[in-house]
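Structure first, then comments.
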Amino acid sequence: MGLRKNPNNMSQKIFIKTFGCQMNEYDSNRIFDSVKKIGFDKTEHYEDANCYLLNTCHIRDKAKEKVYHEIGRVKKKFRSKKKPLVIIAGCVAQAENEEMLKREPYIDLVIGPQSYHKINDTILNHIEKNKKKEETEFDATSKFEYLSKIKNEAGKVSSFLTIQEGCDKFCHFCVVPYTRGPEYSRPFNQILDEAKYLADNGAKEIILLGQNVNAYNNEGYRLSDLILSIEKLTEIKRVRYTTSHPKDMTKDLLEVYKISKKLTPLVHLPVQSGSNKILKLMNRKHTIEEYLSTFDKLKEINSRIEFSSDFIIGYPGEEDQDFEDTYNLIKRIKFINSFSFIFSPRPGTVAENLDLIEKKISVERLEKIQTILFENQIQMNKSLEDKVLDVLVENLTEDKSKAFGRSEYMTPVIFNGKKSDIGKIVQVRIKDYSRYTLFGEIITNLNQKVA
């Protein structure tokens, strides 16, 4: 196989490709933190790898087929070379488990997202016995106990930190309860320890992650407690969280927006539809009235707070009035950045076998929705022209000629910064804009907290 089980031997190379959400990005980083303990270095070129790991996502359409397409690409590249160890991780691995090994013999190991604490032993056992295996048990407690003993070496200015996994909501379109298991909240002090380590190693912003991040609840500690504790770390300048569920926007979380000095004023709160009828069909467990109440309360607390969201268009049963309700909600709230997709059935979900809306109608509705969403983005960015923004600098552009950072609203900003600005909050005057990006000129450096 070209792999050595002895970590003292010459290091082996692993290539990790990540599909999907920010939680998968976090997981991929932690997988590497683990496997380097058994002698792996990371490579950015998969053709140089001894081990090829694909961290998969089951949310989007044809996710499973994308995996087999990727494996076909690897097989072709290694046709005249020694085969790498091929590992499929993530949510497709969890959903398909042993079927993947049967369908594609080129795959060696299948590891679900709650079994990453077993990855080193699984790899070493495979090298020793050359036996294919799948590990897909739900064991989030053991996973995070194991990972808490391995330092998070992401080393990024803006760092992800998973605090909660799994879901108990069972929305009828969603596979997460089946691929990530029930809701699990990590121990409070375990999270704080990881946050402190990230801060000591260069993180200036921490993005708290969870499938239902605002459902976090461990021994009475809530997301609000985490935010207020993490922002006490002097090195941390900004705190964000994603993804939230409208049902879990509790009073204590809303109150944090009154007192926090570092929580950013962008709330990503997926609504999925503007129609109560469709929300009920989706089993979303919230109403539009409740959603608007949360919006109004936050705007009253701080008028600078803006919303982003997710929308599923063409859900089975969506009629013209339901669509108009969604369109009117977007006009009312003016979401500044959102994701929108036509409904696509996921295997194993309640909605899998529902009657689909005619594709032509769904496409027309999506185009209309995206037109207004994009207009909102452009109007927001246009309103910032000639304004001065606080920008957290993350890195330089690929050609090193400019600096890249983000505003408080997560909007990318490109400007004439330099390497020494990385990790600082600088003031940038906005000179131009596109739908997704702001362009400006730096006016001064400020080593200050974000208000």
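Following the order of the structure tokens, chains are lettered A, B, ..., residues in each are numbered from 1, and ligands are numbered from 1.
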
Segment 150-185 of chain A: residues DSSP assigns to strand (DSSP E), reported as a list in words: Ser158, Ser159, Phe160, Leu161, Thr162, Ile163, Gln164, Glu165, Tyr184 and Ser185 of chain A

Please report as a Markdown table every residue of segment 189-226 of chain A lying within 8 Å of segment 241-264 of chain A, along with the nearest atom pair and their distance in Å (one decimal), using only C-alpha atoms.
```
| residue | atom | partner | partner_atom | distance |
| --- | --- | --- | --- | --- |
| A:Ile207 | CA | A:Tyr241 | CA | 5.2 |
| A:Leu208 | CA | A:Tyr241 | CA | 4.4 |
| A:Leu209 | CA | A:Thr242 | CA | 5.3 |
| A:Gly210 | CA | A:Thr243 | CA | 6.1 |
| A:Gln211 | CA | A:Thr243 | CA | 5.9 |
| A:Asn212 | CA | A:Ser244 | CA | 5.2 |
| A:Val213 | CA | A:Ser244 | CA | 5.5 |
| A:Asn214 | CA | A:Ser244 | CA | 5.4 |
| A:Ala215 | CA | A:Asp248 | CA | 5.7 |
| A:Leu223 | CA | A:Leu253 | CA | 7.0 |
| A:Ser224 | CA | A:Leu253 | CA | 5.1 |
```

Would you mind exporting N, CA and C atoms of the selected residues as a PDB file, in the first residue's frame?
```pdb
ATOM      1  N   ILE A 207     -15.576  31.131  15.261  1.00  0.00           N
ATOM      2  CA  ILE A 207     -16.910  30.858  14.728  1.00  0.00           C
ATOM      3  C   ILE A 207     -17.396  29.563  15.356  1.00  0.00           C
ATOM      4  N   LEU A 208     -18.382  29.671  16.233  1.00  0.00           N
ATOM      5  CA  LEU A 208     -18.941  28.514  16.934  1.00  0.00           C
ATOM      6  C   LEU A 208     -19.888  27.775  15.996  1.00  0.00           C
ATOM      7  N   LEU A 209     -19.688  26.458  15.873  1.00  0.00           N
ATOM      8  CA  LEU A 209     -20.420  25.674  14.889  1.00  0.00           C
ATOM      9  C   LEU A 209     -21.325  24.634  15.544  1.00  0.00           C
ATOM     10  N   GLY A 210     -22.425  24.341  14.855  1.00  0.00           N
ATOM     11  CA  GLY A 210     -23.310  23.266  15.258  1.00  0.00           C
ATOM     12  C   GLY A 210     -24.390  23.081  14.211  1.00  0.00           C
ATOM     13  N   GLN A 211     -24.904  21.860  14.099  1.00  0.00           N
ATOM     14  CA  GLN A 211     -26.054  21.680  13.216  1.00  0.00           C
ATOM     15  C   GLN A 211     -27.237  22.508  13.721  1.00  0.00           C
ATOM     16  N   ASN A 212     -27.356  22.586  15.040  1.00  0.00           N
ATOM     17  CA  ASN A 212     -28.305  23.499  15.699  1.00  0.00           C
ATOM     18  C   ASN A 212     -27.529  24.196  16.808  1.00  0.00           C
ATOM     19  N   VAL A 213     -26.683  25.119  16.417  1.00  0.00           N
ATOM     20  CA  VAL A 213     -25.703  25.671  17.360  1.00  0.00           C
ATOM     21  C   VAL A 213     -26.375  26.354  18.541  1.00  0.00           C
ATOM     22  N   ASN A 214     -27.541  26.979  18.306  1.00  0.00           N
ATOM     23  CA  ASN A 214     -28.203  27.679  19.424  1.00  0.00           C
ATOM     24  C   ASN A 214     -29.051  26.744  20.282  1.00  0.00           C
ATOM     25  N   ALA A 215     -29.025  25.439  19.956  1.00  0.00           N
ATOM     26  CA  ALA A 215     -29.623  24.437  20.853  1.00  0.00           C
ATOM     27  C   ALA A 215     -28.601  23.968  21.887  1.00  0.00           C
ATOM     28  N   LEU A 223     -25.560  28.648  24.709  1.00  0.00           N
ATOM     29  CA  LEU A 223     -24.719  29.363  23.749  1.00  0.00           C
ATOM     30  C   LEU A 223     -24.386  30.762  24.260  1.00  0.00           C
ATOM     31  N   SER A 224     -25.327  31.398  24.905  1.00  0.00           N
ATOM     32  CA  SER A 224     -25.090  32.746  25.444  1.00  0.00           C
ATOM     33  C   SER A 224     -23.923  32.748  26.427  1.00  0.00           C
TER      34      SER A 224
END
```

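Taking only C-alpha atoms into account, Ser273 of chain A lies nearest to A:Ser309 out of the set A:Thr43, A:Thr294, A:Ser309, A:Ser303.
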
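In terms of minimum interatomic distance to Asp355 of chain A, A:Glu318 ranks closest within A:Glu99, A:Glu145, A:Asp41, A:Glu318, counting only C-alpha atoms.
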
Residues within 7 Å of Phe188 of chain A, please, as JSON, numbers by chain. Count only C-alpha atoms; anything in the same chain fewer than 4 positions from it doesn't count. {"A": [192, 218, 221]}

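Proximity to Phe404 of chain A at 6 Å, evaluated using only C-alpha atoms and with sequence-adjacent residues fewer than 5 positions away removed, yields Val393, Glu394, Asn395, Leu396, Val413 and Ile414 of chain A.
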
Resulting file, chosen residues, C-alpha atoms, as an mmCIF file, in the first residue's frame:
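Done, and the output landed in again.cif:
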```
data_model
loop_
_atom_site.group_PDB
_atom_site.id
_atom_site.type_symbol
_atom_site.label_atom_id
_atom_site.label_comp_id
_atom_site.auth_asym_id
_atom_site.auth_seq_id
_atom_site.Cartn_x
_atom_site.Cartn_y
_atom_site.Cartn_z
ATOM 1 C CA VAL A 393 -7.461 40.810 8.016
ATOM 2 C CA GLU A 394 -7.201 37.057 7.345
ATOM 3 C CA ASN A 395 -4.536 36.725 4.655
ATOM 4 C CA LEU A 396 -3.091 38.107 1.422
ATOM 5 C CA VAL A 413 -13.099 42.980 1.649
ATOM 6 C CA ILE A 414 -10.060 43.319 -0.619
#
```
